[in-house]
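Here is final-v8.txt, consisting of compact mmCIF, C-alpha atoms:
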# COMPACT_ATOMS: atom_id res chain seq x y z
CA MET A 12 182.94 258.65 278.88
CA SER A 13 180.13 258.31 281.37
CA THR A 14 176.51 258.65 280.25
CA ALA A 15 176.10 261.84 282.25
CA ARG A 16 179.23 263.34 280.77
CA LEU A 17 178.19 262.39 277.22
CA THR A 18 174.78 263.96 277.81
CA ILE A 19 176.35 267.17 279.06
CA SER A 20 178.65 267.26 276.04
CA MET A 21 175.71 266.81 273.67
CA ILE A 22 173.74 269.57 275.35
CA ALA A 23 176.75 271.84 275.17
CA VAL A 24 177.16 271.12 271.48
CA ALA A 25 173.47 271.71 270.79
CA LEU A 26 173.68 275.07 272.55
CA TRP A 27 176.85 275.87 270.63
CA LEU A 28 175.15 275.06 267.35
CA SER A 29 172.22 277.31 268.15
CA ALA A 30 174.36 280.20 269.30
CA SER A 31 176.89 280.22 266.52
CA LEU A 32 174.70 280.35 263.43
CA ALA A 33 174.85 283.81 261.99
CA ALA A 34 176.63 285.87 259.41
CA HIS A 35 174.91 286.93 256.22
CA HIS A 36 171.43 287.08 257.68
CA GLY A 37 169.76 286.47 260.97
CA ALA A 38 167.58 283.80 262.41
CA ALA A 39 164.19 285.37 261.72
CA ALA A 40 163.33 282.86 258.99
CA PHE A 41 164.42 279.78 260.91
CA ASP A 42 162.76 277.62 263.50
CA VAL A 43 165.65 278.05 265.88
CA GLY A 44 166.44 274.98 267.92
CA LYS A 45 164.49 272.60 265.71
CA LYS A 46 166.51 270.02 263.84
CA VAL A 47 165.58 267.76 260.97
CA VAL A 48 167.61 264.84 259.65
CA LEU A 49 167.34 264.37 255.89
CA LYS A 50 168.65 261.45 253.89
CA GLY A 51 168.53 261.98 250.17
CA THR A 52 170.11 262.33 246.78
CA VAL A 53 172.14 265.37 245.85
CA ALA A 54 170.56 267.38 243.04
CA GLY A 55 172.95 270.30 243.22
CA TRP A 56 175.61 272.05 245.29
CA ILE A 57 176.37 275.69 244.68
CA TYR A 58 179.61 276.78 246.33
CA SER A 59 179.13 280.51 246.12
CA ASN A 60 178.52 283.78 247.92
CA PRO A 61 176.54 284.84 249.81
CA HIS A 62 175.60 281.30 250.86
CA CYS A 63 176.40 277.81 249.65
CA LEU A 64 173.23 275.97 248.66
CA LEU A 65 172.58 272.24 248.63
CA SER A 66 169.59 270.82 246.76
CA LEU A 67 168.59 267.41 248.06
CA ASP A 68 165.85 265.10 246.84
CA VAL A 69 164.32 263.37 249.83
CA THR A 70 161.87 260.49 249.51
CA GLY A 71 159.25 260.54 252.23
CA GLU A 72 157.45 257.59 253.80
CA ASP A 73 154.63 258.16 251.32
CA GLY A 74 157.05 257.61 248.45
CA LYS A 75 156.89 261.19 247.29
CA VAL A 76 160.12 262.98 246.52
CA VAL A 77 160.53 266.43 247.98
CA ARG A 78 163.35 268.71 246.99
CA TRP A 79 164.92 270.41 249.96
CA VAL A 80 167.24 273.39 249.68
CA ALA A 81 169.69 273.85 252.53
CA GLU A 82 172.11 276.69 252.95
CA GLY A 83 175.55 276.93 254.44
CA GLN A 84 177.55 280.08 254.86
CA ALA A 85 179.85 281.54 252.20
CA PRO A 86 182.77 279.41 250.91
CA ASN A 87 185.41 281.19 253.01
CA VAL A 88 183.31 280.54 256.10
CA VAL A 89 182.50 276.88 255.51
CA TYR A 90 185.92 275.91 254.19
CA PRO A 91 187.51 275.62 257.65
CA ALA A 92 184.66 273.30 258.68
CA GLY A 93 185.62 270.98 255.83
CA TYR A 94 183.04 271.90 253.18
CA ARG A 95 184.58 271.99 249.70
CA LYS A 96 183.40 272.70 246.19
CA ASP A 97 183.25 268.95 245.56
CA SER A 98 181.89 267.85 248.93
CA PHE A 99 178.51 267.08 247.33
CA ASN A 100 178.19 265.72 243.82
CA PHE A 101 175.11 265.11 241.74
CA GLY A 102 173.61 261.75 242.62
CA ASP A 103 175.46 261.31 245.92
CA GLN A 104 173.54 259.72 248.76
CA VAL A 105 174.08 261.93 251.79
CA THR A 106 172.56 262.67 255.17
CA ILE A 107 172.29 266.21 256.48
CA THR A 108 170.91 267.79 259.61
CA VAL A 109 169.19 271.11 259.06
CA GLU A 110 167.47 273.79 261.08
CA PRO A 111 164.28 274.27 259.03
CA VAL A 112 162.57 277.52 258.11
CA LYS A 113 159.46 278.48 260.04
CA ASN A 114 157.04 278.62 257.14
CA GLY A 115 157.01 274.90 256.48
CA ARG A 116 158.77 274.99 253.15
CA PRO A 117 161.43 272.35 252.59
CA MET A 118 164.30 274.66 253.39
CA GLY A 119 166.79 275.01 256.17
CA ARG A 120 170.37 275.63 257.09
CA ILE A 121 172.98 272.95 257.39
CA LEU A 122 174.04 271.92 260.87
CA ALA A 123 175.90 268.74 259.99
CA ALA A 124 176.42 266.40 257.06
CA VAL A 125 177.51 262.86 256.36
CA LEU A 126 178.99 262.79 252.87
CA ALA A 127 178.78 259.95 250.39
CA ASP A 128 182.19 258.63 251.47
CA GLY A 129 181.21 258.69 255.13
CA THR A 130 183.03 261.90 256.00
CA VAL A 131 181.23 263.71 258.78
CA LEU A 132 181.18 267.50 258.68
CA GLY A 133 179.99 269.85 261.37
CA VAL A 134 178.01 273.01 261.21
CA ALA A 135 178.59 275.09 258.09
CA ASN A 136 178.50 278.26 260.08
CA SER A 137 180.47 281.34 260.75
CA SER A 138 182.66 280.15 263.56
CA GLY A 139 185.11 278.79 261.10
CA GLY A 140 185.99 275.50 262.69
CA PRO A 141 184.53 272.20 263.67
CA PRO A 142 182.91 272.04 267.09
CA GLN A 143 185.40 271.36 269.80
CA PRO A 144 184.63 268.54 272.21
CA ALA A 145 183.62 269.62 275.68
CA ASN A 146 186.13 268.49 278.26
CA MET B 3 156.21 266.24 260.43
CA ASP B 4 154.70 265.90 256.98
CA ARG B 5 156.69 265.42 253.79
CA GLY B 6 157.81 262.12 255.18
CA VAL B 7 160.59 263.69 257.07
CA ARG B 8 161.33 262.23 260.42
CA LEU B 9 162.43 264.25 263.34
CA ILE B 10 165.07 262.28 265.13
CA PRO B 11 166.47 264.43 267.90
CA ILE B 12 168.49 261.64 269.45
CA ALA B 13 169.98 260.84 266.07
CA VAL B 14 170.80 264.49 265.58
CA LEU B 15 172.68 264.60 268.81
CA ALA B 16 174.39 261.34 268.01
CA LEU B 17 175.36 262.67 264.60
CA THR B 18 176.68 265.81 266.19
CA ALA B 19 178.60 263.85 268.76
CA LEU B 20 180.01 261.72 265.95
CA SER B 21 181.10 264.87 264.16
CA LEU B 22 183.13 265.78 267.20
CA ALA B 23 185.01 262.57 266.89
CA GLN B 24 185.44 262.54 263.13
CA ALA B 25 185.64 266.23 262.21
CA PRO B 26 188.47 266.83 259.77
CA PRO B 27 191.43 268.99 260.62
CA ALA B 28 190.41 272.65 260.69
CA SER B 29 192.56 273.36 257.69
CA ASN B 30 195.10 271.87 255.40
CA PRO B 31 198.07 274.13 255.99
CA SER B 32 199.34 274.20 252.44
CA PRO B 33 197.64 272.09 249.77
CA GLY B 34 199.70 272.48 246.64
CA GLY B 35 201.52 275.39 248.21
CA TRP B 36 198.34 277.41 248.64
CA ARG B 37 198.36 277.91 252.36
CA THR B 38 194.94 277.93 254.02
CA PRO B 39 194.02 279.82 257.19
CA ASP B 40 195.10 278.26 260.45
CA TRP B 41 192.48 278.94 263.10
CA ASN B 42 193.91 276.56 265.66
CA LYS B 43 197.04 278.35 266.73
CA PRO B 44 198.42 277.64 270.18
CA PRO B 45 197.69 280.44 272.63
CA VAL B 46 200.27 283.11 273.27
CA THR B 47 201.81 282.43 276.66
CA ALA B 48 204.69 283.74 278.71
CA ALA B 49 206.77 280.91 277.29
CA ASN B 50 206.23 281.67 273.60
CA ARG B 51 205.52 285.39 273.69
CA LYS B 52 207.75 287.49 271.45
CA PRO B 53 208.19 291.24 271.84
CA ALA B 54 206.29 293.61 269.58
CA PRO B 55 208.30 295.16 266.79
CA ARG B 56 208.67 298.91 267.08
CA ARG B 57 205.96 300.94 265.37
CA SER B 58 204.70 298.21 263.12
CA LEU B 59 201.18 296.99 262.42
CA THR B 60 202.22 295.03 259.34
CA GLY B 61 200.82 291.55 259.09
CA MET B 62 197.88 289.36 258.32
CA TRP B 63 195.57 289.49 261.31
CA GLY B 64 192.57 287.38 262.27
CA PRO B 65 190.26 287.56 265.28
CA ALA B 66 191.97 285.92 268.24
CA ASP B 67 188.67 284.24 269.15
CA GLY B 68 188.70 282.30 265.89
CA ALA B 69 187.37 282.73 262.38
CA GLY B 70 183.94 283.79 263.61
CA GLY B 71 185.27 286.10 266.31
CA GLY B 72 184.73 289.19 264.18
CA THR B 73 181.33 288.29 262.75
CA GLN B 74 179.44 290.78 264.92
CA ALA B 75 176.07 289.54 263.76
CA GLN B 76 174.47 291.11 266.80
CA GLY B 77 176.03 294.46 266.09
CA ILE B 78 178.94 296.31 267.61
CA PRO B 79 180.48 293.92 270.12
CA LEU B 80 180.54 296.20 273.14
CA LYS B 81 176.82 296.94 272.72
CA PRO B 82 175.14 293.95 271.07
CA ASN B 83 171.67 294.79 269.80
CA ASN B 84 169.81 292.26 271.92
CA GLY B 85 167.10 294.44 273.41
CA LYS B 86 168.74 294.69 276.82
CA PRO B 87 168.52 298.21 278.27
CA GLU B 88 172.20 298.31 279.12
CA ASN B 89 173.03 297.91 275.44
CA ALA B 90 170.69 300.62 274.16
CA LEU B 91 172.56 303.35 272.33
CA PRO B 92 172.06 307.03 273.27
CA TYR B 93 170.13 308.08 270.20
CA THR B 94 169.22 311.63 269.37
CA PRO B 95 165.56 311.94 268.27
CA TYR B 96 166.73 311.95 264.66
CA GLY B 97 169.03 308.97 265.29
CA LEU B 98 166.18 306.96 266.76
CA GLN B 99 163.92 307.85 263.86
CA LEU B 100 166.61 306.74 261.44
CA TYR B 101 167.19 303.49 263.32
CA LYS B 102 163.48 302.68 263.17
CA SER B 103 163.49 303.18 259.41
CA HIS B 104 166.15 300.49 258.99
CA ARG B 105 164.94 296.92 258.46
CA ALA B 106 167.87 294.75 259.43
CA LEU B 107 168.45 291.02 259.08
CA GLU B 108 170.21 290.87 262.41
CA GLY B 109 169.45 291.97 265.93
CA PHE B 110 166.51 291.36 268.22
CA ASP B 111 164.05 293.03 265.84
CA ALA B 112 165.37 291.41 262.68
CA VAL B 113 163.17 291.01 259.61
CA LEU B 114 162.99 288.16 257.12
CA PRO B 115 165.39 287.94 254.18
CA THR B 116 164.10 290.02 251.22
CA GLU B 117 162.18 292.30 253.63
CA ASP B 118 165.29 294.16 254.65
CA ASN B 119 166.68 297.44 253.38
CA ASP B 120 170.31 296.86 254.32
CA PRO B 121 172.50 298.58 251.72
CA ARG B 122 174.89 295.66 252.06
CA ASN B 123 172.41 293.41 250.28
CA ARG B 124 172.60 295.66 247.25
CA CYS B 125 176.36 295.21 247.44
CA GLU B 126 176.97 298.77 248.53
CA PRO B 127 180.40 299.34 250.10
CA LEU B 128 180.18 299.10 253.88
CA GLY B 129 182.62 301.95 254.41
CA VAL B 130 184.02 303.11 257.73
CA PRO B 131 183.16 302.25 260.43
CA ARG B 132 180.92 299.35 259.33
CA SER B 133 183.77 297.48 257.67
CA ASN B 134 185.13 297.09 261.20
CA HIS B 135 181.80 295.54 262.27
CA TYR B 136 181.00 293.10 259.52
CA ASN B 137 182.63 289.70 259.32
CA VAL B 138 186.10 290.87 260.19
CA ARG B 139 188.20 287.85 259.30
CA LEU B 140 191.68 287.82 257.81
CA THR B 141 192.68 291.46 257.67
CA GLN B 142 195.93 292.53 256.07
CA ILE B 143 197.77 295.64 257.23
CA PHE B 144 200.63 297.14 255.24
CA GLN B 145 202.55 300.28 256.04
CA ASP B 146 205.31 302.47 254.64
CA ASP B 147 206.70 305.83 255.68
CA TYR B 148 203.60 307.67 254.54
CA LYS B 149 200.61 305.50 255.19
CA VAL B 150 198.99 302.44 256.68
CA LEU B 151 196.78 300.36 254.39
CA ILE B 152 194.11 298.03 255.73
CA ALA B 153 192.80 295.34 253.39
CA TYR B 154 189.58 293.73 254.57
CA GLU B 155 188.57 290.21 253.62
CA TYR B 156 184.93 291.07 252.98
CA ASP B 157 184.41 292.37 249.47
CA ASN B 158 188.20 292.78 248.98
CA ARG B 159 187.97 296.35 250.25
CA TRP B 160 190.92 298.48 251.33
CA ARG B 161 191.47 301.86 252.91
CA VAL B 162 194.41 304.18 253.52
CA ILE B 163 195.33 305.94 256.76
CA TRP B 164 197.84 308.69 256.06
CA THR B 165 200.77 309.02 258.46
CA ASP B 166 202.77 311.74 256.70
CA GLY B 167 201.62 314.52 258.97
CA ARG B 168 198.73 315.84 256.94
CA GLN B 169 195.83 317.20 258.93
CA LEU B 170 192.40 315.66 259.33
CA PRO B 171 189.97 317.55 257.07
CA LYS B 172 187.26 319.73 258.53
CA VAL B 173 183.77 318.28 258.15
CA VAL B 174 181.31 320.59 256.42
CA ASP B 175 177.85 320.07 255.03
CA GLY B 176 178.12 317.80 252.01
CA GLY B 177 181.71 316.71 252.51
CA VAL B 178 184.99 318.02 253.92
CA ASP B 179 187.01 321.20 253.62
CA ILE B 180 190.64 320.59 252.66
CA GLY B 181 192.64 323.78 252.37
CA GLY B 182 189.57 325.77 251.38
CA GLU B 183 188.50 323.24 248.79
CA ILE B 184 185.32 321.24 249.33
CA ARG B 185 185.83 317.53 248.72
CA GLU B 186 183.23 314.80 248.34
CA PRO B 187 182.21 312.41 251.11
CA ARG B 188 183.68 308.92 250.77
CA PHE B 189 182.59 305.47 251.90
CA PHE B 190 185.91 305.02 253.71
CA GLY B 191 186.24 308.67 254.60
CA TYR B 192 189.47 310.59 255.07
CA SER B 193 191.86 309.05 257.57
CA VAL B 194 195.05 310.20 259.26
CA GLY B 195 197.04 308.39 261.93
CA ARG B 196 199.99 308.77 264.27
CA TRP B 197 201.98 306.72 266.72
CA LEU B 198 201.18 307.56 270.32
CA ASP B 199 204.13 305.44 271.44
CA ASP B 200 206.20 302.62 269.96
CA SER B 201 203.35 300.13 270.09
CA THR B 202 200.18 302.25 269.92
CA PHE B 203 198.80 303.73 266.72
CA GLN B 204 195.77 305.98 266.59
CA ALA B 205 193.72 306.65 263.46
CA GLU B 206 191.00 309.24 262.98
CA THR B 207 188.46 309.24 260.18
CA VAL B 208 185.92 311.83 259.03
CA GLY B 209 184.14 312.71 255.80
CA THR B 210 182.15 309.50 255.42
CA MET B 211 179.00 308.94 253.41
CA PRO B 212 175.63 310.42 254.43
CA ASP B 213 173.02 308.77 256.60
CA ASP B 214 171.02 307.12 253.82
CA ARG B 215 174.02 305.28 252.37
CA VAL B 216 175.72 303.48 255.25
CA TRP B 217 174.92 301.76 258.53
CA LEU B 218 176.96 301.37 261.68
CA ASP B 219 176.35 297.64 262.02
CA SER B 220 174.29 294.75 260.70
CA THR B 221 171.44 295.37 263.13
CA GLY B 222 170.52 298.62 261.40
CA ARG B 223 172.03 301.06 263.82
CA PRO B 224 172.63 304.32 261.97
CA ILE B 225 175.67 306.49 261.36
CA SER B 226 175.93 309.87 259.69
CA ASP B 227 178.34 311.91 257.63
CA LYS B 228 179.17 313.86 260.78
CA VAL B 229 180.78 310.91 262.52
CA HIS B 230 184.32 311.12 263.84
CA VAL B 231 185.81 307.64 264.17
CA THR B 232 188.80 307.07 266.40
CA GLU B 233 190.59 303.73 266.17
CA THR B 234 193.43 302.59 268.38
CA PHE B 235 195.72 299.73 267.38
CA ARG B 236 198.01 298.41 270.07
CA ARG B 237 200.69 295.88 269.24
CA VAL B 238 200.62 293.92 272.48
CA ASP B 239 203.34 291.54 271.34
CA ALA B 240 204.61 290.13 268.06
CA ASP B 241 201.51 287.95 267.61
CA THR B 242 198.77 290.07 269.16
CA LEU B 243 197.11 293.31 268.15
CA THR B 244 194.18 294.95 269.89
CA TRP B 245 191.88 297.04 267.70
CA SER B 246 189.58 299.47 269.50
CA GLU B 247 187.11 301.96 268.14
CA THR B 248 185.03 304.87 269.42
CA ILE B 249 182.53 306.83 267.37
CA ASP B 250 181.45 310.39 268.02
CA ASP B 251 178.42 311.27 265.91
CA PRO B 252 176.42 314.12 267.47
CA LYS B 253 173.83 313.95 264.73
CA ILE B 254 172.90 310.38 265.70
CA TYR B 255 174.14 309.82 269.26
CA THR B 256 174.09 312.16 272.23
CA GLN B 257 177.50 311.00 273.41
CA PRO B 258 180.49 309.05 272.05
CA VAL B 259 180.06 305.28 271.85
CA GLU B 260 182.87 302.81 272.36
CA THR B 261 182.06 300.12 269.85
CA MET B 262 184.74 297.44 269.97
CA ARG B 263 187.90 296.15 271.55
CA MET B 264 188.93 293.26 269.36
CA SER B 265 191.99 291.11 269.91
CA MET B 266 193.66 290.03 266.67
CA ARG B 267 196.14 287.23 266.15
CA LEU B 268 198.97 287.24 263.62
CA HIS B 269 198.62 284.75 260.76
CA ASP B 270 201.09 283.41 258.24
CA PRO B 271 201.55 286.14 255.62
CA ARG B 272 201.51 283.49 252.88
CA THR B 273 197.92 282.51 253.68
CA ASP B 274 195.64 282.48 250.67
CA ILE B 275 192.33 284.24 251.32
CA GLN B 276 189.18 283.00 249.60
CA GLU B 277 187.06 285.60 247.86
CA TYR B 278 184.20 286.87 249.96
CA TYR B 279 182.46 289.12 247.49
CA CYS B 280 179.06 290.66 247.34
CA SER B 281 178.00 289.97 243.77
CA PRO B 282 174.59 291.31 242.69
CA ILE B 283 174.10 288.31 240.41
CA GLU B 284 174.94 285.81 243.13
CA GLN B 285 172.72 287.70 245.55
CA GLU B 286 169.86 287.50 243.07
CA ASN B 287 170.42 283.78 242.53
CA TYR B 288 170.44 283.22 246.26
CA ASN B 289 167.16 285.06 246.73
CA LYS B 290 165.60 283.10 243.89
CA LEU B 291 166.68 279.72 245.23
CA PHE B 292 166.39 280.33 248.95
CA GLY B 293 165.87 283.80 250.35
CA SER B 294 162.48 284.50 248.83
CA GLY B 295 161.07 281.09 249.73
CA ALA B 296 162.42 281.25 253.25
CA SER B 297 160.86 284.70 253.65
CA SER B 298 157.40 283.83 252.43
CA LYS B 299 154.64 283.84 255.02
CA GLY B 300 153.39 280.35 254.36
CA ALA B 301 154.03 277.03 252.71
CA PRO B 302 153.43 276.94 248.94

Is it possible to express this structure as structure tokens?
Amino acid sequence: MSTARLTISMIAVALWLSASLAAHHGAAAFDVGKKVVLKGTVAGWIYSNPHCLLSLDVTGEDGKVVRWVAEGQAPNVVYPAGYRKDSFNFGDQVTITVEPVKNGRPMGRILAAVLADGTVLGVANSSGGPPQPAN
Amino acid sequence: MDRGVRLIPIAVLALTALSLAQAPPASNPSPGGWRTPDWNKPPVTAANRKPAPRRSLTGMWGPADGAGGGTQAQGIPLKPNNGKPENALPYTPYGLQLYKSHRALEGFDAVLPTEDNDPRNRCEPLGVPRSNHYNVRLTQIFQDDYKVLIAYEYDNRWRVIWTDGRQLPKVVDGGVDIGGEIREPRFFGYSVGRWLDDSTFQAETVGTMPDDRVWLDSTGRPISDKVHVTETFRRVDADTLTWSETIDDPKIYTQPVETMRMSMRLHDPRTDIQEYYCSPIEQENYNKLFGSGASSKGAP
């Protein structure tokens, strides 16, 4: 794939991610378009309505641990994207990409995740499937 | 950014691109015999198209655009609530006043979680027509000689459309008049239906709940107990159903509004559907762990 084509694909995916996040509640709380990558230790994973919730302990550059809470959509919505009840287990080292909330609290919604076993999952949103590559 | 969190936009894009390459199959078709939804069906083409059965809506149907095709987060699909003048609804003065009293989580004037007054977030039944405009996913339709039953995925709700020739009740203040007897309003109203031809079924619904109990869509657009809902289901072929809806609510809108024309795709009837409930306890837990914090005006 050429560099230009890869760039176009990435832009398309980023736009897709932004456009497709919605179901239980809207985007008013989120800093839409902003993305944060978090690497941390799983403190909890609630696979429940109305939203799945992941608690993640993230150690900052200052050595302080901050607990982030990131939401996905409901189980029936995130299941087709590969998220399962046992996708995150206590103590797992995982990396997630979130769209953070506007107010600066350590909260956001899950855009992508790399699980402890290396499995890569896409956006835990309402579209029901993993993002399709742009042709 | 503080908290030691690094913003790595390039890495985000790379991660996303990687997810394209490594994303798992959309579904396992039948783990342990419990078939999961298949949202990657091949398109219906001239080569694989099968004729529609005569006068049958029976089947498990999902939005043809995919699992999220019926989400309708921006409101009724033919008039998304995005602030564009062409999508403004023809409110009566009372309808506009009612709309402005609704604090919705969706739409261009959405409020923060926990600031809303959407009856859905208190786990109230959505009723008709909002059940047609909220996360329509796998929808089961059953029929016999007397009725059509629609089972929605959200909140495991179902409704009956009678096809045995009974008449649509007359709407009166406080409910409906059936044979001189006043009956109560219902979340899913009173529905009757008939076949217009061998592939087209029309359903009419009246007698729904009053204005303070139900909304039209997730953006806070109102509906009243005077609404007359007309739905048309057309079996285009064996695998495709189009579901259209028009509302006529003179108390809220000055003219009828066509709300949706949704194409539905037939799914395997053995598909297991995950529960998608509104549970007050789970809602409370969610607000405690996330909603309230996300809604606060500043960092702690």

Notebook entry, point to check: Looking at all atoms listed in the file, which of B:Thr234, B:Thr60, B:Asn137, B:Thr242 is the one that sits closest to chain A?
Noted result: B:Asn137

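Between A:Val48 and the candidates A:His62, A:Lys75, A:Arg120, A:Arg95, the tightest atom-to-atom separation, counting all atoms listed in the file, involves A:Arg120.
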
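The two atoms in question, atom CA of B:Leu243 and atom CA of B:Ile152, are spaced 13.6 Å apart.
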
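A straight line drawn from atom CA of B:Asp250 to atom CA of B:Val208 is 10.1 Å long.
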
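Distances here use all atoms listed in the file; by that measure, the residue among B:Val138, B:Val231, B:Met264, B:Ile283 closest to B:Leu170 is B:Val231.
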
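Counting all atoms listed in the file, the residue from B:Asp239, B:Glu286, B:Asp274, B:Glu88 that sits nearest to B:Pro115 is B:Glu286.
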
Margin query: Between atom CA of B:Arg37 and atom CA of B:Tyr154, what is the distance in Å, rounded to a tenth?
Written below: 18.2 Å

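Close contacts of B:Asp270, defined as residues with an atom at most 12 Å away when counting all atoms listed in the file, with chain neighbours fewer than 2 positions off set aside, comprise Pro31, Ser32, Trp36, Arg37, Thr38, Pro39, Asp40, Trp41, Lys43, Thr60, Gly61, Met62, Trp63, Gly64, Leu140, Thr141, Gln142, Asp241, Arg267, Leu268, Arg272, Thr273, Asp274 and Ile275 of chain B.
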
Notebook entry, point to check: For the point (169.5, 269.9, 246.1) in file coordinates, what residues are within 9 Å, counting all atoms listed in the file? Give the answer as a count of residues only?
Noted result: 16

Export: stretch 94-136 of chain A, C-alpha atoms, as a short mmCIF file (atom, residue, chain, number, x, y, z; two decimals), in the first residue's frame:
data_model
loop_
_atom_site.label_atom_id
_atom_site.label_comp_id
_atom_site.auth_asym_id
_atom_site.auth_seq_id
_atom_site.Cartn_x
_atom_site.Cartn_y
_atom_site.Cartn_z
CA TYR A 94 -15.44 -7.68 23.22
CA ARG A 95 -16.34 -10.51 25.58
CA LYS A 96 -17.06 -10.89 29.27
CA ASP A 97 -13.52 -12.19 29.75
CA SER A 98 -11.71 -9.86 27.35
CA PHE A 99 -10.19 -7.98 30.31
CA ASN A 100 -9.19 -9.71 33.51
CA PHE A 101 -7.94 -8.25 36.76
CA GLY A 102 -4.22 -7.61 36.54
CA ASP A 103 -3.98 -7.81 32.75
CA GLN A 104 -1.61 -5.40 31.06
CA VAL A 105 -3.53 -3.81 28.21
CA THR A 106 -3.44 -0.78 25.95
CA ILE A 107 -6.58 1.11 25.05
CA THR A 108 -7.36 4.16 22.98
CA VAL A 109 -10.09 6.36 24.39
CA GLU A 110 -11.93 9.53 23.50
CA PRO A 111 -11.70 11.42 26.81
CA VAL A 112 -14.40 13.43 28.54
CA LYS A 113 -14.22 17.21 28.31
CA ASN A 114 -13.97 17.97 32.01
CA GLY A 115 -10.49 16.57 32.47
CA ARG A 116 -11.44 13.61 34.60
CA PRO A 117 -9.75 10.32 33.76
CA MET A 118 -12.69 8.98 31.82
CA GLY A 119 -13.43 8.26 28.21
CA ARG A 120 -14.94 5.86 25.77
CA ILE A 121 -13.10 2.99 24.19
CA LEU A 122 -12.05 3.36 20.57
CA ALA A 123 -9.65 0.44 20.37
CA ALA A 124 -7.89 -2.03 22.63
CA VAL A 125 -4.91 -4.34 22.62
CA LEU A 126 -5.64 -7.18 25.02
CA ALA A 127 -3.14 -8.99 27.20
CA ASP A 128 -2.74 -11.77 24.62
CA GLY A 129 -2.12 -9.27 21.83
CA THR A 130 -5.61 -9.43 20.34
CA VAL A 131 -6.52 -6.11 18.79
CA LEU A 132 -10.12 -4.96 19.04
CA GLY A 133 -11.72 -2.04 17.30
CA VAL A 134 -14.18 0.51 18.47
CA ALA A 135 -16.66 -0.75 21.05
CA ASN A 136 -19.44 1.18 19.45
#
